[in-house]
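A.B. asks: Here you go, this is model04.pdb (PDB, C-alpha atoms and all ligand atoms).
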```pdb
ATOM      1  CA  MET F 936      21.921 -24.195   4.080
ATOM      2  CA  LYS F 937      22.935 -25.323   0.600
ATOM      3  CA  VAL F 938      20.324 -23.563  -1.545
ATOM      4  CA  GLY F 939      19.681 -24.505  -5.159
ATOM      5  CA  ILE F 940      18.016 -21.788  -7.242
ATOM      6  CA  LEU F 941      16.007 -22.777 -10.305
ATOM      7  CA  GLY F 942      15.624 -19.725 -12.560
ATOM      8  CA  VAL F 943      18.487 -17.256 -12.295
ATOM      9  CA  GLY F 944      17.105 -13.882 -13.295
ATOM     10  CA  ASN F 945      16.405 -10.665 -11.415
ATOM     11  CA  LEU F 946      14.765 -12.138  -8.321
ATOM     12  CA  ALA F 947      17.462 -14.768  -7.841
ATOM     13  CA  SER F 948      20.186 -12.137  -7.931
ATOM     14  CA  TYR F 949      18.351  -9.932  -5.386
ATOM     15  CA  LEU F 950      17.908 -12.856  -2.994
ATOM     16  CA  VAL F 951      21.475 -14.138  -3.307
ATOM     17  CA  GLN F 952      22.707 -10.631  -2.494
ATOM     18  CA  GLY F 953      20.277 -10.125   0.408
ATOM     19  CA  ALA F 954      20.939 -13.514   1.997
ATOM     20  CA  GLN F 955      24.737 -13.173   2.064
ATOM     21  CA  LYS F 956      25.013 -12.733   5.817
ATOM     22  CA  GLY F 957      23.406 -16.167   6.291
ATOM     23  CA  GLY F 958      26.566 -17.770   4.905
ATOM     24  CA  HIS F 959      24.605 -20.132   2.632
ATOM     25  CA  ALA F 960      26.126 -22.001  -0.280
ATOM     26  CA  PHE F 961      24.215 -21.318  -3.518
ATOM     27  CA  VAL F 962      23.924 -23.636  -6.498
ATOM     28  CA  LEU F 963      22.442 -21.947  -9.589
ATOM     29  CA  SER F 964      20.581 -23.411 -12.555
ATOM     30  CA  PRO F 965      22.634 -23.080 -15.754
ATOM     31  CA  ARG F 966      20.124 -21.299 -17.998
ATOM     32  CA  GLY F 967      20.704 -17.553 -18.181
ATOM     33  CA  VAL F 968      24.435 -18.289 -18.264
ATOM     34  CA  GLU F 969      25.531 -14.661 -18.078
ATOM     35  CA  LYS F 970      23.541 -13.852 -14.942
ATOM     36  CA  ALA F 971      24.568 -17.151 -13.315
ATOM     37  CA  ALA F 972      28.239 -16.537 -14.175
ATOM     38  CA  GLU F 973      28.027 -12.961 -12.840
ATOM     39  CA  LEU F 974      26.469 -14.129  -9.560
ATOM     40  CA  ALA F 975      28.936 -17.000  -9.285
ATOM     41  CA  ALA F 976      31.852 -14.592  -9.669
ATOM     42  CA  ARG F 977      30.421 -11.986  -7.299
ATOM     43  CA  PHE F 978      29.183 -14.232  -4.498
ATOM     44  CA  GLY F 979      31.079 -17.480  -5.018
ATOM     45  CA  CYS F 980      28.032 -19.504  -6.159
ATOM     46  CA  GLU F 981      28.284 -22.825  -7.979
ATOM     47  CA  VAL F 982      26.575 -23.268 -11.352
ATOM     48  CA  ALA F 983      24.949 -26.705 -11.811
ATOM     49  CA  GLU F 984      25.286 -28.686 -15.036
ATOM     50  CA  SER F 985      21.519 -29.043 -15.392
ATOM     51  CA  ASN F 986      18.321 -28.368 -13.457
ATOM     52  CA  GLN F 987      18.186 -32.041 -12.441
ATOM     53  CA  ALA F 988      21.820 -31.984 -11.241
ATOM     54  CA  LEU F 989      20.882 -29.002  -9.045
ATOM     55  CA  VAL F 990      17.872 -30.854  -7.599
ATOM     56  CA  ASP F 991      20.029 -33.943  -6.954
ATOM     57  CA  GLU F 992      22.632 -31.863  -5.112
ATOM     58  CA  CYS F 993      20.458 -29.653  -2.876
ATOM     59  CA  ASP F 994      17.934 -30.278  -0.087
ATOM     60  CA  HIS F 995      16.655 -26.685  -0.244
ATOM     61  CA  ILE F 996      15.413 -25.530  -3.637
ATOM     62  CA  LEU F 997      14.201 -22.008  -4.332
ATOM     63  CA  VAL F 998      12.074 -21.674  -7.470
ATOM     64  CA  CYS F 999      12.433 -18.313  -9.244
ATOM     65  CA  LEU F1000      11.202 -19.514 -12.646
ATOM     66  CA  PRO F1001       8.773 -17.623 -14.885
ATOM     67  CA  ALA F1002       5.319 -18.262 -13.408
ATOM     68  CA  ALA F1003       3.802 -19.262 -16.761
ATOM     69  CA  GLU F1004       6.216 -22.175 -17.327
ATOM     70  CA  GLY F1005       7.365 -22.955 -13.797
ATOM     71  CA  GLU F1006       5.011 -25.793 -13.020
ATOM     72  CA  VAL F1007       5.748 -27.643 -16.286
ATOM     73  CA  ILE F1008       9.499 -27.254 -15.671
ATOM     74  CA  LEU F1009       9.133 -28.623 -12.121
ATOM     75  CA  ARG F1010       7.093 -31.603 -13.359
ATOM     76  CA  GLY F1011       9.991 -32.572 -15.601
ATOM     77  CA  LEU F1012      12.323 -32.931 -12.593
ATOM     78  CA  VAL F1013      12.635 -35.725 -10.042
ATOM     79  CA  PHE F1014      12.493 -34.684  -6.380
ATOM     80  CA  ARG F1015      13.011 -36.838  -3.298
ATOM     81  CA  LYS F1016      11.554 -37.075   0.188
ATOM     82  CA  GLY F1017      13.156 -34.717   2.687
ATOM     83  CA  GLN F1018      13.688 -31.893   0.195
ATOM     84  CA  VAL F1019      12.046 -28.537   0.867
ATOM     85  CA  VAL F1020      11.072 -26.457  -2.130
ATOM     86  CA  CYS F1021      10.123 -22.788  -1.893
ATOM     87  CA  SER F1022       8.256 -21.201  -4.800
ATOM     88  CA  ALA F1023       8.576 -17.459  -5.369
ATOM     89  CA  MET F1024       6.477 -17.623  -8.549
ATOM     90  CA  ALA F1025       4.059 -14.779  -8.048
ATOM     91  CA  ALA F1026       0.992 -15.979  -9.844
ATOM     92  CA  LYS F1027       1.367 -19.637  -8.968
ATOM     93  CA  VAL F1028      -0.080 -19.696  -5.479
ATOM     94  CA  LYS F1029      -1.984 -22.970  -5.501
ATOM     95  CA  LEU F1030      -0.151 -25.075  -2.954
ATOM     96  CA  GLU F1031      -1.898 -28.310  -3.986
ATOM     97  CA  ASP F1032      -0.745 -28.027  -7.633
ATOM     98  CA  LEU F1033       2.847 -27.364  -6.638
ATOM     99  CA  ARG F1034       2.799 -30.243  -4.141
ATOM    100  CA  LEU F1035       1.898 -32.591  -6.992
ATOM    101  CA  SER F1036       4.655 -31.123  -9.184
ATOM    102  CA  VAL F1037       7.470 -31.700  -6.669
ATOM    103  CA  ALA F1038       6.191 -34.730  -4.715
ATOM    104  CA  PRO F1039       7.491 -36.239  -2.479
ATOM    105  CA  ALA F1040       9.323 -33.006  -1.580
ATOM    106  CA  GLU F1041       7.622 -30.438   0.674
ATOM    107  CA  VAL F1042       6.572 -27.003  -0.633
ATOM    108  CA  THR F1043       6.378 -23.509   0.823
ATOM    109  CA  LEU F1044       4.939 -20.527  -1.044
ATOM    110  CA  SER F1045       6.579 -17.138  -0.735
ATOM    111  CA  MET F1046       6.116 -13.569  -1.909
ATOM    112  CA  MET F1047       8.523 -10.693  -1.597
ATOM    113  CA  PRO F1048       9.093  -7.336  -3.354
ATOM    114  CA  GLY F1049      12.415  -8.429  -4.884
ATOM    115  CA  TYR F1050      14.859  -5.548  -5.138
ATOM    116  CA  ALA F1051      14.262  -4.418  -1.531
ATOM    117  CA  ASN F1052      15.325  -7.916  -0.416
ATOM    118  CA  ALA F1053      18.778  -7.312  -1.908
ATOM    119  CA  PHE F1054      19.177  -4.595   0.758
ATOM    120  CA  SER F1055      17.637  -6.859   3.459
ATOM    121  CA  VAL F1056      14.610  -4.579   3.933
ATOM    122  CA  GLY F1057      11.925  -6.313   1.836
ATOM    123  CA  PRO F1058       9.212  -8.253   3.679
ATOM    124  CA  THR F1059       8.634 -11.894   2.775
ATOM    125  CA  PHE F1060       5.282 -13.625   3.267
ATOM    126  CA  LEU F1061       5.298 -17.410   3.612
ATOM    127  CA  TYR F1062       2.603 -20.071   3.607
ATOM    128  CA  PRO F1063       2.180 -22.573   5.220
ATOM    129  CA  LYS F1064       3.648 -21.725   8.616
ATOM    130  CA  GLY F1065       6.610 -23.420  10.217
ATOM    131  CA  SER F1066       8.861 -23.687   7.161
ATOM    132  CA  VAL F1067      12.660 -23.758   7.358
ATOM    133  CA  TRP F1068      12.582 -20.999   4.729
ATOM    134  CA  ALA F1069      11.601 -18.448   7.412
ATOM    135  CA  GLU F1070      15.193 -18.534   8.649
ATOM    136  CA  PHE F1071      16.593 -18.052   5.138
ATOM    137  CA  PHE F1072      14.354 -15.074   4.303
ATOM    138  CA  ALA F1073      15.020 -13.387   7.670
ATOM    139  CA  ASP F1074      18.345 -12.257   6.165
ATOM    140  CA  CYS F1075      16.434 -10.529   3.331
ATOM    141  CA  GLY F1076      14.010  -8.513   5.514
ATOM    142  CA  PRO F1077      11.061  -9.060   7.899
ATOM    143  CA  VAL F1078       9.288 -12.434   7.577
ATOM    144  CA  HIS F1079       5.549 -13.034   8.015
ATOM    145  CA  GLU F1080       4.089 -16.527   8.066
ATOM    146  CA  LEU F1081       0.428 -16.707   7.098
ATOM    147  CA  PRO F1082      -2.004 -19.243   8.564
ATOM    148  CA  ASP F1083      -4.165 -20.088   5.539
ATOM    149  CA  ALA F1084      -4.362 -19.997   1.741
ATOM    150  CA  HIS F1085      -6.996 -17.236   1.750
ATOM    151  CA  SER F1086      -4.794 -14.757   3.625
ATOM    152  CA  PHE F1087      -1.736 -15.742   1.589
ATOM    153  CA  GLU F1088      -3.544 -15.097  -1.709
ATOM    154  CA  THR F1089      -4.664 -11.710  -0.383
ATOM    155  CA  ALA F1090      -1.171 -10.796   0.812
ATOM    156  CA  VAL F1091       0.388 -11.807  -2.522
ATOM    157  CA  VAL F1092      -1.224  -8.718  -4.094
ATOM    158  CA  PHE F1093       1.477  -6.698  -2.313
ATOM    159  CA  GLY F1094       3.985  -7.913  -4.923
ATOM    160  CA  ALA F1095       2.149  -5.793  -7.511
ATOM    161  CA  MET F1096       1.446  -2.998  -5.009
ATOM    162  CA  SER F1097       5.153  -2.846  -4.213
ATOM    163  CA  GLY F1098       6.171  -2.717  -7.872
ATOM    164  CA  ALA F1099       3.530  -0.086  -8.676
ATOM    165  CA  SER F1100       4.663   2.059  -5.747
ATOM    166  CA  VAL F1101       8.153   2.170  -7.291
ATOM    167  CA  PHE F1102       6.585   3.580 -10.471
ATOM    168  CA  LEU F1103       4.654   6.085  -8.347
ATOM    169  CA  MET F1104       7.890   7.132  -6.640
ATOM    170  CA  ARG F1105       9.574   7.654 -10.005
ATOM    171  CA  HIS F1106       6.567   9.668 -11.181
ATOM    172  CA  LEU F1107       6.744  11.906  -8.095
ATOM    173  CA  ALA F1108      10.502  12.414  -8.436
ATOM    174  CA  ALA F1109      10.030  13.320 -12.118
ATOM    175  CA  TRP F1110       7.562  16.055 -11.136
ATOM    176  CA  TYR F1111      10.126  17.719  -8.846
ATOM    177  CA  GLU F1112      12.781  17.376 -11.547
ATOM    178  CA  ALA F1113      10.510  18.923 -14.171
ATOM    179  CA  GLU F1114       9.947  21.834 -11.790
ATOM    180  CA  GLY F1115      13.693  22.389 -11.624
ATOM    181  CA  LEU F1116      14.874  20.411  -8.598
ATOM    182  CA  ASN F1117      18.226  18.664  -8.851
ATOM    183  CA  PRO F1118      17.513  14.969  -9.788
ATOM    184  CA  ALA F1119      19.464  13.610  -6.810
ATOM    185  CA  VAL F1120      17.585  15.906  -4.420
ATOM    186  CA  ALA F1121      14.244  14.944  -6.014
ATOM    187  CA  ARG F1122      15.051  11.239  -5.625
ATOM    188  CA  SER F1123      16.088  11.600  -1.972
ATOM    189  CA  LEU F1124      13.104  13.815  -1.186
ATOM    190  CA  VAL F1125      10.631  11.200  -2.437
ATOM    191  CA  ALA F1126      12.452   8.239  -0.884
ATOM    192  CA  GLU F1127      13.047   9.863   2.508
ATOM    193  CA  THR F1128       9.481  11.198   2.724
ATOM    194  CA  LEU F1129       7.941   7.792   2.039
ATOM    195  CA  ARG F1130      10.450   6.014   4.291
ATOM    196  CA  GLY F1131       9.584   8.491   7.067
ATOM    197  CA  ASN F1132       5.863   7.862   6.653
ATOM    198  CA  ALA F1133       6.482   4.114   6.600
ATOM    199  CA  GLU F1134       8.248   4.445   9.965
ATOM    200  CA  VAL F1135       5.201   6.289  11.338
ATOM    201  CA  PHE F1136       3.011   3.325  10.299
ATOM    202  CA  LEU F1137       5.454   0.918  11.932
ATOM    203  CA  GLN F1138       6.205   2.848  15.122
ATOM    204  CA  SER F1139       3.134   4.921  16.053
ATOM    205  CA  ASP F1140       0.538   3.351  18.333
ATOM    206  CA  LYS F1141      -2.220   5.540  16.792
ATOM    207  CA  SER F1142      -4.840   4.113  14.430
ATOM    208  CA  LEU F1143      -4.362   4.769  10.704
ATOM    209  CA  ASP F1144      -7.351   7.149  10.745
ATOM    210  CA  ALA F1145      -5.841   9.078  13.659
ATOM    211  CA  ILE F1146      -2.515   9.333  11.797
ATOM    212  CA  CYS F1147      -4.309  10.689   8.698
ATOM    213  CA  ASN F1148      -6.243  13.199  10.804
ATOM    214  CA  GLY F1149      -3.003  14.337  12.397
ATOM    215  CA  VAL F1150      -1.139  15.014   9.127
ATOM    216  CA  GLY F1151      -3.830  17.110   7.422
ATOM    217  CA  THR F1152      -4.613  20.627   8.685
ATOM    218  CA  PRO F1153      -8.174  21.772   7.840
ATOM    219  CA  GLY F1154      -7.892  24.104   4.855
ATOM    220  CA  GLY F1155      -4.205  23.206   4.430
ATOM    221  CA  ILE F1156      -2.200  21.872   1.502
ATOM    222  CA  THR F1157      -2.560  18.151   2.400
ATOM    223  CA  GLU F1158      -6.359  18.515   2.468
ATOM    224  CA  GLN F1159      -6.235  20.284  -0.906
ATOM    225  CA  MET F1160      -4.002  17.615  -2.433
ATOM    226  CA  VAL F1161      -6.035  14.647  -1.105
ATOM    227  CA  SER F1162      -9.255  16.291  -2.271
ATOM    228  CA  HIS F1163      -7.748  16.748  -5.758
ATOM    229  CA  LEU F1164      -6.589  13.100  -5.852
ATOM    230  CA  ARG F1165     -10.030  11.900  -4.748
ATOM    231  CA  GLN F1166     -11.759  14.037  -7.384
ATOM    232  CA  ASP F1167      -9.587  12.424 -10.060
ATOM    233  CA  GLY F1168     -10.257   8.937  -8.633
ATOM    234  CA  ALA F1169      -6.524   8.484  -8.005
ATOM    235  CA  LEU F1170      -6.867   6.825  -4.580
ATOM    236  CA  GLU F1171      -9.843   4.680  -5.618
ATOM    237  CA  SER F1172      -7.887   3.624  -8.690
ATOM    238  CA  TRP F1173      -5.338   1.820  -6.456
ATOM    239  CA  HIS F1174      -8.230  -0.066  -4.872
ATOM    240  CA  HIS F1175      -9.545  -1.235  -8.272
ATOM    241  CA  ALA F1176      -6.074  -2.157  -9.515
ATOM    242  CA  MET F1177      -5.372  -4.265  -6.420
ATOM    243  CA  THR F1178      -8.731  -6.021  -6.752
ATOM    244  CA  SER F1179      -7.890  -6.869 -10.374
ATOM    245  CA  ILE F1180      -4.601  -8.475  -9.239
ATOM    246  CA  LEU F1181      -6.415 -10.464  -6.537
ATOM    247  CA  HIS F1182      -8.860 -11.628  -9.180
ATOM    248  CA  ARG F1183      -5.936 -12.890 -11.311
ATOM    249  CA  ILE F1184      -4.369 -14.673  -8.345
ATOM    250  CA  ALA F1185      -7.617 -16.106  -6.948
ATOM    251  CA  PRO F1186     -10.125 -16.237  -9.842
ATOM    252  CA  ASP F1187     -12.558 -18.336  -7.779
ATOM    253  CA  ARG F1188     -12.721 -15.770  -4.997
ATOM    254  CA  LYS F1189     -16.039 -13.871  -4.671
ATOM    255  CA  LEU F1190     -14.954 -10.198  -4.944
TER     256      LEU F1190
HETATM  257  N1  LIG Q1201      11.611  -9.730 -10.074
HETATM  258  C1  LIG Q1201      11.052  -9.624  -8.870
HETATM  259  O1  LIG Q1201      11.332  -8.664  -8.126
HETATM  260  C2  LIG Q1201      10.086 -10.672  -8.350
HETATM  261  C3  LIG Q1201       9.511 -10.508  -7.083
HETATM  262  C4  LIG Q1201       8.666 -11.494  -6.584
HETATM  263  C5  LIG Q1201       8.379 -12.621  -7.348
HETATM  264  N2  LIG Q1201       8.934 -12.741  -8.606
HETATM  265  C6  LIG Q1201       8.649 -13.978  -9.367
HETATM  266  O2  LIG Q1201       9.883 -14.677  -9.507
HETATM  267  C7  LIG Q1201       9.932 -15.366 -10.753
HETATM  268  C8  LIG Q1201      11.170 -14.906 -11.515
HETATM  269  O3  LIG Q1201      11.066 -13.518 -11.772
HETATM  270  P1  LIG Q1201      12.279 -12.684 -12.369
HETATM  271  O4  LIG Q1201      11.842 -11.273 -12.365
HETATM  272  O5  LIG Q1201      13.546 -13.074 -11.719
HETATM  273  O6  LIG Q1201      12.252 -13.234 -13.879
HETATM  274  P2  LIG Q1201      13.490 -13.331 -14.898
HETATM  275  O7  LIG Q1201      14.446 -12.207 -14.627
HETATM  276  O8  LIG Q1201      12.901 -13.479 -16.254
HETATM  277  O9  LIG Q1201      14.203 -14.705 -14.468
HETATM  278  C9  LIG Q1201      13.668 -15.957 -14.734
HETATM  279  C10 LIG Q1201      14.828 -16.838 -15.167
HETATM  280  O10 LIG Q1201      14.371 -18.184 -15.322
HETATM  281  C11 LIG Q1201      15.070 -18.711 -16.437
HETATM  282  N3  LIG Q1201      14.439 -19.910 -16.979
HETATM  283  C12 LIG Q1201      13.399 -20.007 -17.842
HETATM  284  N4  LIG Q1201      13.150 -21.298 -18.130
HETATM  285  C13 LIG Q1201      14.061 -22.021 -17.428
HETATM  286  C14 LIG Q1201      14.325 -23.406 -17.312
HETATM  287  N5  LIG Q1201      13.621 -24.326 -18.000
HETATM  288  N6  LIG Q1201      15.326 -23.806 -16.510
HETATM  289  C15 LIG Q1201      16.078 -22.895 -15.819
HETATM  290  N7  LIG Q1201      15.875 -21.578 -15.909
HETATM  291  C16 LIG Q1201      14.880 -21.142 -16.699
HETATM  292  C17 LIG Q1201      15.077 -17.569 -17.409
HETATM  293  O11 LIG Q1201      16.042 -17.812 -18.425
HETATM  294  P3  LIG Q1201      15.875 -17.116 -19.885
HETATM  295  O12 LIG Q1201      16.100 -15.641 -19.653
HETATM  296  O13 LIG Q1201      16.930 -17.782 -20.677
HETATM  297  O14 LIG Q1201      14.474 -17.409 -20.348
HETATM  298  C18 LIG Q1201      15.465 -16.412 -16.501
HETATM  299  O15 LIG Q1201      16.864 -16.328 -16.356
HETATM  300  C19 LIG Q1201       8.621 -15.034 -11.476
HETATM  301  O16 LIG Q1201       7.705 -16.089 -11.282
HETATM  302  C20 LIG Q1201       8.154 -13.759 -10.795
HETATM  303  O17 LIG Q1201       6.767 -13.607 -10.833
HETATM  304  C21 LIG Q1201       9.787 -11.810  -9.112
END
```
Could you rewrite the structure in this file as structure tokens?
C.D. replies:
Amino acid sequence: MKVGILGVGNLASYLVQGAQKGGHAFVLSPRGVEKAAELAARFGCEVAESNQALVDECDHILVCLPAAEGEVILRGLVFRKGQVVCSAMAAKVKLEDLRLSVAPAEVTLSMMPGYANAFSVGPTFLYPKGSVWAEFFADCGPVHELPDAHSFETAVVFGAMSGASVFLMRHLAAWYEAEGLNPAVARSLVAETLRGNAEVFLQSDKSLDAICNGVGTPGGITEQMVSHLRQDGALESWHHAMTSILHRIAPDRKL
């Protein structure tokens, strides 16, 4: 695929890195010259003369623009039939609005964690199903195609959940450091523990409740820690925070 990327910031650089094994040719939008030049030098990408030149040159266009301005920027460009646009703009999940902005091109919506995609381990959620972009994102981690707008909007919350979990991981590592553990050991301890538990979720055939029951011994330290977290509202707080993100993404949704 020849993939044009509009908006060359952090996400674009993660995806270009993650998708390398696909052997795609990348054409980058010129704004953010330093990042575009760095990516061009590192991965052999082309830098377009303008956003419109990029759209004219590519059939596959990945939109990594700031969500607040993205739609206006897209409306200022001329697309043609046969092009397939993929939007990674987190908050902009209304398919109908984007369709109008890039008509007569087709549109797919996507959500991914970002940095994890650079290492080809970040999941990507796509809507609607059956897009050619599934093949592209498969090089950046597992791909899930969702059947309807409602489930896509719900899944999109994971972008914030993913980012917040990175902050949680840093917070946990900092605790071990403050208690005297070597920083590299603290970092590995947190990462390997959570990666191990993630594998349990992926590989065990037990229900999530059964897994939880199995990891906590009555009267043991897990029970004490979970009870403390519950008392402080720490677990419930994640629930409220995720609901607030869903409300931002889907303000019309009855919550
Ligand atoms: N970062 C992530 O991990 C992640 C994950 C999932 C989804 N997303 C979504 O992806 C989008 C990009 O996020 P990001 O973190 O990569 O943001 P970013 O680092 O700020 O990158 C956005 C880039 O778009 C450029 N830009 C702004 N207006 C432009 C225009 N008219 N033409 C061409 N380029 C223009 C910006 O240039 P200037 O710097 O010159 O303004 C900047 O280089 C957002 O909608 C975000 O919600 C990000």
A.B. asks: Check the smallest atom-to-atom distance from each of F:Gly1131, F:Gly939, F:Gly1155, F:Gly1065 to ligand LIG 1201 (chain Q) using all atoms listed in the file, then report the winner.
C.D. replies: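 The shortest atom-to-atom distance to ligand LIG 1201 (chain Q) comes from F:Gly939.
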A.B. asks: Give as a PyMOL selection string the residues surrounding ligand LIG 1201 (chain Q) up to a distance of 6 Å, considering all atoms listed in the file.
C.D. replies: chain F and resi 941-947+964+966-967+999-1002+1008+1023-1025+1046-1050
A.B. asks: What lies within 7 Å of stretch 1074-1080 of chain F using all atoms listed in the file, ignoring chain neighbours under 6 positions off, as a JSON list (two decimals) with C-alpha atoms, in the frame of the given file?
C.D. replies:
```
[["chain", "number", "residue", "atom", "x", "y", "z"],
["F", 950, "LEU", "CA", 17.91, -12.86, -2.99],
["F", 953, "GLY", "CA", 20.28, -10.12, 0.41],
["F", 954, "ALA", "CA", 20.94, -13.51, 2.00],
["F", 956, "LYS", "CA", 25.01, -12.73, 5.82],
["F", 957, "GLY", "CA", 23.41, -16.17, 6.29],
["F", 1052, "ASN", "CA", 15.32, -7.92, -0.42],
["F", 1053, "ALA", "CA", 18.78, -7.31, -1.91],
["F", 1055, "SER", "CA", 17.64, -6.86, 3.46],
["F", 1056, "VAL", "CA", 14.61, -4.58, 3.93],
["F", 1057, "GLY", "CA", 11.92, -6.31, 1.84],
["F", 1058, "PRO", "CA", 9.21, -8.25, 3.68],
["F", 1059, "THR", "CA", 8.63, -11.89, 2.78],
["F", 1060, "PHE", "CA", 5.28, -13.62, 3.27],
["F", 1061, "LEU", "CA", 5.30, -17.41, 3.61],
["F", 1062, "TYR", "CA", 2.60, -20.07, 3.61],
["F", 1063, "PRO", "CA", 2.18, -22.57, 5.22],
["F", 1064, "LYS", "CA", 3.65, -21.72, 8.62]]
```
A.B. asks: When distances are computed from only C-alpha atoms, which of F:Gly1005, F:Trp1068, F:Phe1054, F:Glu973 shows the smallest separation from F:Val1019?
C.D. replies: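 Smallest distance to F:Val1019 is found for F:Trp1068.
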A.B. asks: Taking all atoms listed in the file into account, name the residue in F:Tyr949, F:Ala1119, F:Ser1022, F:Val1135 that is nearest to F:Cys1147.
C.D. replies: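 So, comparing all the options, the nearest one is F:Val1135.
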A.B. asks: List the neighbours of F:Val1007 out to 12 Å using only C-alpha atoms; skip same-chain residues closer than 2 positions along the sequence, and give me the result as a ChimeraX atom specification.
C.D. replies: /F:1000-1005,1009-1012,1027,1032-1033,1035-1037
A.B. asks: Write out as a list in words which residues come within 10 Å of F:Met1096 when counting only C-alpha atoms, dropping same-chain ones fewer than 5 positions away.
C.D. replies: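 Close residues of F:Met1096: Pro1048, Val1091, Val1101, Phe1102, Trp1173, Ala1176, Met1177 and Ile1180 of chain F.
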A.B. asks: Output C-alpha atoms for every residue in the selection just made, as a compact mmCIF listing (two decimals), in the frame of the given file.
C.D. replies:
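Below is the file selection_35.txt, written as the result:
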```
# COMPACT_ATOMS: atom_id res chain seq x y z
CA PRO F 1048 9.09 -7.34 -3.35
CA VAL F 1091 0.39 -11.81 -2.52
CA VAL F 1101 8.15 2.17 -7.29
CA PHE F 1102 6.58 3.58 -10.47
CA TRP F 1173 -5.34 1.82 -6.46
CA ALA F 1176 -6.07 -2.16 -9.52
CA MET F 1177 -5.37 -4.26 -6.42
CA ILE F 1180 -4.60 -8.48 -9.24
```
A.B. asks: Calculated over only C-alpha atoms, which of the candidates F:Ser948, F:Thr1128, F:Asn986, F:Ser1139 has the smallest distance to F:Ala972?
C.D. replies: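 Answer, going by the shortest atom-to-atom distance: F:Ser948.
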